[in-house]
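The file model-v8.txt contains compact mmCIF, C-alpha atoms:
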# COMPACT_ATOMS: atom_id res chain seq x y z
CA MET A 1 0.00 0.00 0.00
CA LEU A 2 1.10 3.58 -0.67
CA ARG A 3 1.27 6.21 2.02
CA ASP A 4 -1.59 8.72 2.13
CA ASP A 5 0.76 11.64 1.42
CA CYS A 6 1.99 10.22 -1.90
CA ALA A 7 1.45 12.41 -4.95
CA TYR A 8 -0.71 10.98 -7.71
CA ASP A 9 -0.74 11.97 -11.39
CA GLN A 10 -3.75 10.93 -13.44
CA ILE A 11 -3.03 10.86 -17.15
CA GLY A 12 -5.98 11.42 -19.44
CA ARG A 13 -6.89 8.92 -22.10
CA LEU A 14 -7.58 9.11 -25.78
CA PRO A 15 -10.97 7.93 -27.04
CA SER A 16 -11.38 4.59 -28.77
CA ILE A 17 -10.96 5.27 -32.49
CA VAL A 18 -12.85 3.08 -34.94
CA ARG A 19 -12.09 3.36 -38.65
CA CYS A 20 -15.13 2.41 -40.69
CA GLY A 21 -17.67 3.93 -43.05
CA PHE A 22 -20.45 5.98 -41.49
CA ALA A 23 -22.80 3.79 -43.53
CA ASP A 24 -21.75 0.87 -41.31
CA ILE A 25 -23.08 2.53 -38.15
CA SER A 26 -26.20 0.97 -36.63
CA ASP A 27 -27.40 2.28 -33.26
CA SER A 28 -30.96 1.85 -32.01
CA ARG A 29 -30.50 3.87 -28.82
CA ASP A 30 -32.38 7.15 -28.42
CA ALA A 31 -29.76 9.62 -29.63
CA ILE A 32 -29.18 13.30 -28.96
CA ILE A 33 -27.57 14.53 -32.17
CA LEU A 34 -25.56 17.75 -32.11
CA THR A 35 -24.40 18.83 -35.55
CA THR A 36 -24.51 21.60 -38.13
CA GLU A 37 -26.30 21.74 -41.46
CA PRO A 38 -23.20 21.26 -43.66
CA ALA A 39 -21.95 18.37 -41.52
CA TRP A 40 -25.32 16.62 -41.41
CA ALA A 41 -25.58 16.84 -45.19
CA VAL A 42 -22.43 14.72 -45.37
CA VAL A 43 -23.72 11.93 -43.10
CA ASP A 44 -27.50 12.11 -43.68
CA GLY A 45 -29.02 8.65 -43.80
CA ILE A 46 -26.80 6.92 -41.23
CA ALA A 47 -28.66 4.37 -39.12
CA ILE A 48 -29.02 6.13 -35.79
CA ASN A 49 -32.24 6.93 -33.96
CA PRO A 50 -32.54 10.68 -33.24
CA ARG A 51 -34.64 11.50 -30.22
CA GLN A 52 -33.38 15.09 -30.34
CA PHE A 53 -31.76 16.76 -33.33
CA ILE A 54 -29.93 20.02 -32.64
CA HIS A 55 -28.12 22.33 -35.03
CA VAL A 56 -25.51 23.95 -32.80
CA GLU A 57 -25.45 27.73 -33.20
CA GLY A 58 -23.17 29.16 -30.52
CA ASN A 59 -20.26 28.57 -28.19
CA THR A 60 -21.00 30.57 -25.05
CA LYS A 61 -21.27 28.88 -21.68
CA ALA A 62 -24.85 30.09 -21.30
CA TYR A 63 -25.83 28.59 -24.66
CA ILE A 64 -24.31 25.15 -24.17
CA THR A 65 -25.55 24.98 -20.57
CA SER A 66 -29.09 25.66 -21.73
CA LEU A 67 -28.75 22.91 -24.34
CA ALA A 68 -27.47 20.43 -21.78
CA GLU A 69 -30.43 21.11 -19.49
CA THR A 70 -32.98 20.30 -22.20
CA CYS A 71 -31.40 17.17 -23.66
CA GLU A 72 -32.81 13.72 -23.00
CA GLY A 73 -31.66 10.46 -24.51
CA GLU A 74 -29.48 7.39 -24.11
CA VAL A 75 -26.44 8.47 -26.12
CA VAL A 76 -24.98 11.70 -27.51
CA TYR A 77 -23.63 12.03 -31.04
CA GLY A 78 -21.38 14.94 -32.03
CA ILE A 79 -21.18 15.16 -35.80
CA GLY A 80 -19.06 17.67 -37.72
CA GLY A 81 -16.17 19.87 -36.66
CA GLY A 82 -15.17 21.57 -33.44
CA LEU A 83 -18.42 23.45 -32.71
CA ALA A 84 -20.68 20.39 -32.76
CA ILE A 85 -18.28 18.01 -31.06
CA ASP A 86 -17.19 20.44 -28.33
CA THR A 87 -20.84 21.07 -27.50
CA ALA A 88 -21.64 17.36 -27.57
CA LYS A 89 -18.83 16.72 -25.08
CA TYR A 90 -20.36 19.17 -22.62
CA VAL A 91 -23.90 17.83 -23.09
CA ALA A 92 -22.73 14.25 -22.59
CA ALA A 93 -20.68 15.09 -19.50
CA THR A 94 -23.47 17.11 -17.90
CA ASN A 95 -26.01 14.35 -18.41
CA GLY A 96 -23.73 11.42 -17.68
CA LEU A 97 -24.25 9.90 -21.14
CA PRO A 98 -21.98 8.01 -23.52
CA LEU A 99 -20.61 10.07 -26.40
CA VAL A 100 -19.83 9.13 -30.00
CA ALA A 101 -17.98 11.63 -32.20
CA LEU A 102 -18.10 11.61 -35.99
CA PRO A 103 -15.59 14.17 -37.32
CA THR A 104 -16.39 15.10 -40.91
CA ILE A 105 -13.13 17.03 -41.26
CA LEU A 106 -9.87 17.01 -39.27
CA SER A 107 -10.32 20.65 -38.39
CA THR A 108 -9.20 20.73 -34.75
CA ASP A 109 -8.17 18.28 -32.05
CA ALA A 110 -11.53 18.77 -30.26
CA PHE A 111 -12.74 15.24 -31.00
CA LEU A 112 -9.85 13.87 -28.89
CA THR A 113 -9.93 16.12 -25.81
CA ASP A 114 -11.88 16.23 -22.56
CA ALA A 115 -12.52 19.98 -22.39
CA THR A 116 -14.96 22.29 -24.17
CA GLY A 117 -13.88 25.72 -25.39
CA VAL A 118 -16.30 28.60 -24.84
CA ARG A 119 -16.04 32.33 -25.45
CA GLU A 120 -16.48 34.33 -22.28
CA ASN A 121 -15.73 38.02 -21.69
CA GLY A 122 -13.78 38.31 -24.93
CA CYS A 123 -11.55 35.28 -24.41
CA VAL A 124 -11.65 31.51 -24.76
CA ARG A 125 -11.99 29.44 -21.61
CA TYR A 126 -12.06 25.68 -21.27
CA LEU A 127 -14.78 23.91 -19.33
CA ALA A 128 -14.27 20.39 -18.05
CA SER A 129 -16.40 18.02 -20.10
CA LYS A 130 -15.48 14.57 -21.37
CA ALA A 131 -13.60 13.02 -24.23
CA PRO A 132 -15.74 10.97 -26.60
CA ASP A 133 -16.03 7.33 -25.65
CA THR A 134 -15.77 6.43 -29.33
CA VAL A 135 -14.57 8.35 -32.37
CA ILE A 136 -15.69 6.92 -35.71
CA VAL A 137 -13.40 7.89 -38.58
CA ASP A 138 -14.63 7.51 -42.14
CA MET A 139 -11.50 8.06 -44.24
CA ASP A 140 -13.50 8.45 -47.46
CA ILE A 141 -15.49 11.31 -45.91
CA LEU A 142 -12.31 12.97 -44.63
CA CYS A 143 -10.46 12.62 -47.93
CA ASN A 144 -13.38 14.01 -49.94
CA ALA A 145 -13.87 17.08 -47.75
CA PRO A 146 -13.04 20.47 -49.35
CA ALA A 147 -9.27 20.96 -49.56
CA ALA A 148 -9.38 24.21 -47.56
CA MET A 149 -11.08 22.45 -44.64
CA ARG A 150 -10.05 18.82 -44.47
CA ALA A 151 -6.63 19.31 -42.85
CA SER A 152 -6.96 22.65 -41.07
CA GLY A 153 -6.48 20.87 -37.73
CA ALA A 154 -2.82 20.54 -38.70
CA ALA A 155 -2.44 24.09 -37.37
CA ASP A 156 -2.90 22.65 -33.86
CA VAL A 157 0.24 20.59 -34.46
CA LEU A 158 2.13 23.36 -36.25
CA SER A 159 1.46 25.65 -33.28
CA ILE A 160 4.00 23.57 -31.34
CA ALA A 161 6.56 25.73 -33.17
CA THR A 162 5.59 28.97 -31.43
CA ALA A 163 4.03 27.57 -28.25
CA MET A 164 7.11 25.52 -27.39
CA TRP A 165 9.30 28.60 -27.97
CA ASP A 166 7.10 30.56 -25.57
CA TRP A 167 7.18 27.82 -22.96
CA GLN A 168 10.98 27.51 -23.15
CA GLU A 169 11.34 31.28 -22.88
CA ALA A 170 9.09 31.28 -19.81
CA GLU A 171 11.33 28.63 -18.26
CA LYS A 172 14.43 30.78 -18.87
CA MET A 173 12.72 33.76 -17.25
CA GLY A 174 11.57 31.74 -14.23
CA GLU A 175 7.93 32.34 -15.15
CA ASN A 176 6.71 28.75 -15.26
CA PRO A 177 4.79 27.52 -12.22
CA SER A 178 6.23 24.41 -10.58
CA GLU A 179 3.62 22.17 -12.20
CA GLN A 180 4.42 23.54 -15.68
CA GLN A 181 8.20 23.32 -15.78
CA ILE A 182 9.55 22.09 -19.07
CA THR A 183 11.81 19.06 -19.54
CA PRO A 184 14.25 18.16 -22.36
CA GLN A 185 12.22 15.01 -23.06
CA ILE A 186 9.03 16.99 -23.70
CA VAL A 187 10.95 19.39 -25.95
CA ASP A 188 12.32 16.46 -27.98
CA ILE A 189 8.91 14.82 -28.39
CA GLY A 190 7.26 18.09 -29.39
CA ALA A 191 10.04 18.82 -31.87
CA THR A 192 9.60 15.38 -33.43
CA LEU A 193 5.86 15.89 -33.92
CA LEU A 194 6.49 19.31 -35.45
CA GLN A 195 9.19 18.07 -37.82
CA THR A 196 7.02 15.13 -38.89
CA LEU A 197 4.28 17.56 -39.86
CA LEU A 198 6.71 19.80 -41.75
CA ASP A 199 8.17 16.81 -43.62
CA ASN A 200 4.73 15.50 -44.64
CA ALA A 201 2.72 18.70 -45.12
CA ARG A 202 2.36 18.19 -48.86
CA GLU A 203 1.05 14.64 -48.52
CA ILE A 204 -1.41 15.72 -45.83
CA GLY A 205 -2.50 18.67 -47.93
CA ARG A 206 -3.25 16.38 -50.87
CA GLY A 207 -5.88 14.70 -48.74
CA THR A 208 -4.67 11.17 -49.42
CA PRO A 209 -5.59 8.36 -47.02
CA THR A 210 -1.93 8.10 -46.05
CA GLY A 211 -1.66 11.83 -45.39
CA LEU A 212 -4.86 12.14 -43.38
CA LYS A 213 -4.09 9.01 -41.36
CA LEU A 214 -0.75 10.63 -40.48
CA LEU A 215 -2.52 13.85 -39.47
CA LEU A 216 -4.90 11.84 -37.29
CA ASP A 217 -1.92 10.15 -35.65
CA LEU A 218 -0.17 13.50 -35.09
CA LEU A 219 -3.28 14.98 -33.49
CA CYS A 220 -3.56 11.94 -31.21
CA MET A 221 0.09 12.22 -30.18
CA GLU A 222 -0.17 15.98 -29.63
CA VAL A 223 -3.20 15.52 -27.35
CA GLN A 224 -1.55 12.68 -25.48
CA LEU A 225 1.57 14.80 -24.98
CA CYS A 226 -0.63 17.48 -23.42
CA HIS A 227 -2.15 14.80 -21.18
CA LEU A 228 1.32 13.77 -20.05
CA CYS A 229 2.27 17.39 -19.33
CA GLY A 230 -1.01 18.07 -17.52
CA HIS A 231 -1.60 21.22 -19.58
CA SER A 232 -1.54 22.47 -23.17
CA ARG A 233 1.49 24.78 -23.08
CA VAL A 234 3.25 22.51 -25.58
CA GLU A 235 0.82 23.59 -28.34
CA GLU A 236 -0.96 26.68 -27.02
CA GLY A 237 0.96 29.89 -26.71
CA SER A 238 1.05 33.40 -28.10
CA GLU A 239 -0.30 32.24 -31.48
CA HIS A 240 -3.53 31.04 -29.83
CA TYR A 241 -3.75 34.16 -27.66
CA PHE A 242 -3.57 36.20 -30.85
CA VAL A 243 -6.52 34.16 -32.18
CA TYR A 244 -8.59 34.70 -29.05
CA ALA A 245 -7.93 38.42 -29.23
CA ILE A 246 -8.55 38.95 -32.94
CA GLU A 247 -11.89 37.17 -32.78
CA ASN A 248 -13.15 40.26 -30.94
CA HIS A 249 -12.32 42.36 -34.02
CA LEU A 250 -14.24 40.31 -36.55
CA THR A 251 -17.43 41.75 -37.90
CA SER A 252 -20.10 39.49 -36.39
CA ALA A 253 -20.63 36.71 -33.89
CA GLU A 254 -21.20 34.28 -36.76
CA GLU A 255 -17.74 35.05 -38.07
CA THR A 256 -15.96 34.72 -34.73
CA ARG A 257 -16.69 31.08 -34.10
CA ALA A 258 -13.24 30.07 -35.26
CA GLU A 259 -12.38 28.21 -32.06
CA ASN A 260 -15.42 25.99 -32.29
CA ALA A 261 -16.74 26.00 -35.82
CA PRO A 262 -14.07 24.93 -38.27
CA GLY A 263 -15.79 23.63 -41.35
CA ASP A 264 -19.21 23.93 -39.80
CA GLY A 265 -20.50 26.77 -41.90
CA GLY A 266 -18.74 29.71 -40.26
CA ASN A 267 -16.77 32.16 -42.39
CA VAL A 268 -13.37 31.52 -40.84
CA LEU A 269 -11.66 28.33 -39.75
CA HIS A 270 -9.80 27.84 -36.50
CA GLY A 271 -6.77 26.63 -38.44
CA GLU A 272 -6.74 29.74 -40.63
CA LEU A 273 -6.48 32.10 -37.66
CA VAL A 274 -4.01 29.87 -35.83
CA GLY A 275 -1.91 29.71 -39.00
CA LEU A 276 -1.86 33.50 -39.18
CA GLY A 277 -0.95 33.68 -35.49
CA ILE A 278 1.90 31.20 -35.96
CA LEU A 279 3.47 33.28 -38.73
CA LEU A 280 3.20 36.57 -36.85
CA MET A 281 4.47 35.20 -33.54
CA ALA A 282 7.27 33.18 -35.18
CA ALA A 283 8.50 36.35 -36.90
CA LEU A 284 8.41 38.26 -33.61
CA GLN A 285 10.27 35.37 -31.95
CA SER A 286 12.94 35.65 -34.71
CA GLN A 287 12.25 32.09 -35.80
CA PRO A 288 12.70 30.80 -39.39
CA TRP A 289 9.02 31.43 -40.04
CA THR A 290 9.14 30.87 -43.82
CA GLN A 291 9.17 27.09 -43.32
CA TYR A 292 5.90 27.41 -41.41
CA ARG A 293 4.34 29.49 -44.18
CA HIS A 294 5.44 26.90 -46.72
CA ALA A 295 3.82 24.17 -44.62
CA LEU A 296 0.54 26.11 -44.39
CA GLU A 297 0.53 26.52 -48.17
CA CYS A 298 1.15 22.79 -48.68
CA LEU A 299 -1.67 22.03 -46.22
CA HIS A 300 -4.04 24.38 -48.11
CA ILE A 301 -4.63 26.36 -44.92
CA ASN A 302 -5.52 29.93 -45.84
CA TYR A 303 -3.57 32.09 -43.39
CA GLN A 304 -5.05 35.28 -44.90
CA PRO A 305 -8.82 34.79 -44.40
CA SER A 306 -10.82 37.49 -46.15
CA VAL A 307 -12.85 38.43 -43.06
CA VAL A 308 -9.67 39.49 -41.24
CA SER A 309 -8.51 42.97 -42.19
CA THR A 310 -4.96 44.24 -41.94
CA LYS A 311 -6.24 46.92 -39.57
CA ALA A 312 -7.69 44.28 -37.25
CA ILE A 313 -4.40 42.35 -37.29
CA ALA A 314 -2.41 45.48 -36.45
CA GLU A 315 -4.75 46.53 -33.64
CA THR A 316 -4.65 43.04 -32.17
CA LEU A 317 -0.85 42.96 -32.22
CA ILE A 318 -0.53 46.42 -30.68
CA ASN A 319 -2.91 45.55 -27.84
CA LEU A 320 -1.88 41.92 -27.36
CA SER A 321 0.24 42.38 -24.24
CA ASP A 322 -2.60 44.26 -22.53
CA TYR A 323 -5.03 41.54 -23.61
CA VAL A 324 -2.80 38.80 -22.18
CA ALA A 325 -2.41 40.68 -18.91
CA HIS A 326 -6.14 41.38 -18.61
CA HIS A 327 -7.06 37.73 -19.09
CA GLN A 328 -4.13 36.48 -16.97
CA LEU A 329 -2.85 34.15 -19.67
CA PRO A 330 0.41 32.22 -19.16
CA TYR A 331 3.75 33.85 -19.95
CA THR A 332 4.63 34.10 -23.64
CA ILE A 333 6.39 36.59 -25.87
CA ALA A 334 3.10 38.49 -25.88
CA THR A 335 3.43 39.09 -22.14
CA THR A 336 6.40 41.43 -22.31
CA LEU A 337 6.84 42.47 -25.94
CA ARG A 338 5.32 45.88 -26.52
CA ILE A 339 4.36 45.96 -30.18
CA THR A 340 4.36 49.48 -31.58
CA PRO A 341 2.39 50.42 -34.72
CA ASP A 342 5.66 50.38 -36.69
CA ILE A 343 6.58 46.89 -35.45
CA ALA A 344 3.07 45.64 -36.19
CA GLU A 345 3.12 47.04 -39.72
CA ARG A 346 6.58 45.62 -40.49
CA THR A 347 5.66 42.19 -39.10
CA ILE A 348 2.43 42.02 -41.11
CA GLN A 349 4.21 43.07 -44.31
CA THR A 350 6.98 40.56 -43.69
CA VAL A 351 4.82 37.46 -43.30
CA LEU A 352 1.91 38.32 -45.61
CA ASP A 353 3.63 40.00 -48.59
Take the structure in the file and write it out as structure tokens.
Amino acid sequence: MLRDDCAYDQIGRLPSIVRCGFADISDSRDAIILTTEPAWAVVDGIAINPRQFIHVEGNTKAYITSLAETCEGEVVYGIGGGLAIDTAKYVAATNGLPLVALPTILSTDAFLTDATGVRENGCVRYLASKAPDTVIVDMDILCNAPAAMRASGAADVLSIATAMWDWQEAEKMGENPSEQQITPQIVDIGATLLQTLLDNAREIGRGTPTGLKLLLDLLCMEVQLCHLCGHSRVEEGSEHYFVYAIENHLTSAEETRAENAPGDGGNVLHGELVGLGILLMAALQSQPWTQYRHALECLHINYQPSVVSTKAIAETLINLSDYVAHHQLPYTIATTLRITPDIAERTIQTVLD
């Protein structure tokens, strides 16, 4: 027996992943289906029994809480991208129900994690929910998704480039809490995942079964690395904080669902904004950012989404350190670097011209 004062670490688990066609699904349980119109059009006709059918329309805590309170059934299905699946995770956790996720594009790592992202007071916060019990992957559906959407989740692996830099810098400055101190082993694993993505970006971008299976594996390994660390600093740094901040500058709530609605009918994808954030932050970190831009181009991730103006990018950069301080986000380059209008303009011109 262990002494009562022993420290225990509980490492999260990945869901069970089943590779089969959605047409092979047969489930007679009363299902609560959370999806979006574009995603449902892809899977319409699968053999599940909807007791409740919900098109998810928002990502605030109030909205998803109200959904959870009105849902009744035996199983929850999250079908689509991040918006639907993140909401389904919260509904399933709140009601103590099993959860099946059907990603129709590999747009984020949301279908692998046990937290739900919500927008609150101008920032993204994560609520404890649950990871899916089962993820069903239909490779034909993933490969036939639009090129600009099918691999945008690769940005959540590419963000290791800037997030790991931030985390290492925080360690040098003595700014990491004791439970978030970095180790050489974690750095090596993160660097391997990043380099694997860079080496295979073209194959992934082509949408081949080999490429998308590799992206699925990389997302699984990235999430499991975060589980081992006990936090997401390995892949979430200043590039994600830039995304959370710039969403407040976009023109409507429908356009700012990037964190939760990649490929679900919104006008901007999570991966597009993260890609933009990676380039800007990598340039400010004096990294060799051109290799990351090349990777984004090979992946068909549009890092210049049309709804994001140059003015909005500049204003976000100039105010980023204040934003990080206001929301008490972990230490990154954005914590201390004061970005003047001239620095913002030069950085934007450098990475986007």
| Can you tell me, as a list in words, what residues are no more than 12 Å from stretch 175-180 of chain A when counting all atoms listed in the file, ignoring any on the same chain fewer than 2 positions away? | Asp9, Asp166, Trp167, Gln168, Glu169, Ala170, Glu171, Lys172, Met173, Ile182, Thr183, Ile186, Cys226, Leu228, Cys229, Gly230, His231, Ser232, Arg233, Val234, Leu329, Pro330, Tyr331, Thr332, Ile333, Thr335 and Thr336 of chain A
| message | Just checking: using only C-alpha atoms, which residue out of A:Met164, A:Asp188, A:Ala155, A:Ile32 ends up closest to A:Asn302? | response | A:Ala155
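The residue that comes closest to A:Asp322, out of A:Arg119, A:His227, A:Arg338, A:Lys89 and on the basis of only C-alpha atoms, is A:Arg338.
Put simply, atom CA of A:Phe53 is 24.2 Å away from atom CA of A:Ser16.
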| query | A:Leu214: which residues within 10 Å, counting only C-alpha atoms, same-chain residues fewer than 4 positions away excluded, as a ChimeraX atom specification? | reply | /A:196-197,200-201,203-204,208-210,218-220
| Close residues, A:His327 itself excluded, 12 Å, all atoms listed in the file, min 2 positions apart in chain, as a VMD selection string | chain A and resid 120 to 125 241 244 to 245 320 to 325 329 to 331 335
Deliver the residues from the most recent selection as a file, using C-alpha atoms, as a short mmCIF file (atom, residue, chain, number, x, y, z; two decimals), in the frame of the given file.
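Final file, out-v3.cif:
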data_model
loop_
_atom_site.label_atom_id
_atom_site.label_comp_id
_atom_site.auth_asym_id
_atom_site.auth_seq_id
_atom_site.Cartn_x
_atom_site.Cartn_y
_atom_site.Cartn_z
CA GLU A 120 -16.48 34.33 -22.28
CA ASN A 121 -15.73 38.02 -21.69
CA GLY A 122 -13.78 38.31 -24.93
CA CYS A 123 -11.55 35.28 -24.41
CA VAL A 124 -11.65 31.51 -24.76
CA ARG A 125 -11.99 29.44 -21.61
CA TYR A 241 -3.75 34.16 -27.66
CA TYR A 244 -8.59 34.70 -29.05
CA ALA A 245 -7.93 38.42 -29.23
CA LEU A 320 -1.88 41.92 -27.36
CA SER A 321 0.24 42.38 -24.24
CA ASP A 322 -2.60 44.26 -22.53
CA TYR A 323 -5.03 41.54 -23.61
CA VAL A 324 -2.80 38.80 -22.18
CA ALA A 325 -2.41 40.68 -18.91
CA LEU A 329 -2.85 34.15 -19.67
CA PRO A 330 0.41 32.22 -19.16
CA TYR A 331 3.75 33.85 -19.95
CA THR A 335 3.43 39.09 -22.14
#
| task | Show which residues sit within 10 Å of A:Ile48, as number ranges by chain. Count all atoms listed in the file, and ignore same-chain residues fewer than 6 positions away. | result | A: 25-33, 77
Now that the selection is made, can you save its residues with C-alpha atoms as a PDB file, keeping the file's coordinate frame?
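That gives us out.pdb:
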ATOM      1  CA  ILE A  25     -23.080   2.530 -38.150  1.00  0.00           C
ATOM      2  CA  SER A  26     -26.200   0.970 -36.630  1.00  0.00           C
ATOM      3  CA  ASP A  27     -27.400   2.280 -33.260  1.00  0.00           C
ATOM      4  CA  SER A  28     -30.960   1.850 -32.010  1.00  0.00           C
ATOM      5  CA  ARG A  29     -30.500   3.870 -28.820  1.00  0.00           C
ATOM      6  CA  ASP A  30     -32.380   7.150 -28.420  1.00  0.00           C
ATOM      7  CA  ALA A  31     -29.760   9.620 -29.630  1.00  0.00           C
ATOM      8  CA  ILE A  32     -29.180  13.300 -28.960  1.00  0.00           C
ATOM      9  CA  ILE A  33     -27.570  14.530 -32.170  1.00  0.00           C
ATOM     10  CA  TYR A  77     -23.630  12.030 -31.040  1.00  0.00           C
TER      11      TYR A  77
END
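Near A:Gln349, within a cut-off of 10 Å and counting only C-alpha atoms, sit the residues Leu280, Thr310, Ile343, Ala344, Glu345 and Asp353 of chain A, with same-chain residues fewer than 4 positions away left out.
Compared by their closest atoms to A:Asp44, and using all atoms listed in the file, the residues A:Ala163, A:Ile64, A:Ile85, A:Ala23 rank with A:Ala23 nearest.
Considering all atoms listed in the file, the residue among A:His240, A:Arg150, A:Arg293, A:Lys130 positioned nearest to A:Leu198 is A:Arg293.
The coordinates place atom CA of A:Leu299 at 6.2 Å from atom CA of A:Arg202.
Among the candidates A:Ile141, A:Leu67, A:Ile136, A:Ala39, the one nearest to A:Leu99 when counting all atoms listed in the file is A:Ile136.
One distance worth recording is that between atom CA of A:Leu142 and atom CA of A:Val43, which is 11.6 Å.
If you measure from each of A:Gln195, A:Gln304, A:Gln185, A:Thr35 to A:Gly275 using only C-alpha atoms, the closest one turns out to be A:Gln304.
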Please put the answer as AutoDock Vina command-line options: centre and edge lengths, in Å with one decimal, of a box along x, y and z that encloses all listed atoms of stretch 311-325 of chain A plus 3 Å on each side.
--center_x -3.7 --center_y 42.9 --center_z -29.2 --size_x 13.9 --size_y 14.1 --size_z 26.7
| message | Taking (-7.4, 12.7, -41.0) in the coordinates of the supplied file, I want to know which residues reach to within 6 Å of it, counting only C-alpha atoms; could you give the answer as a list in words? | response | Leu106, Leu212, Lys213, Leu215 and Leu216 of chain A
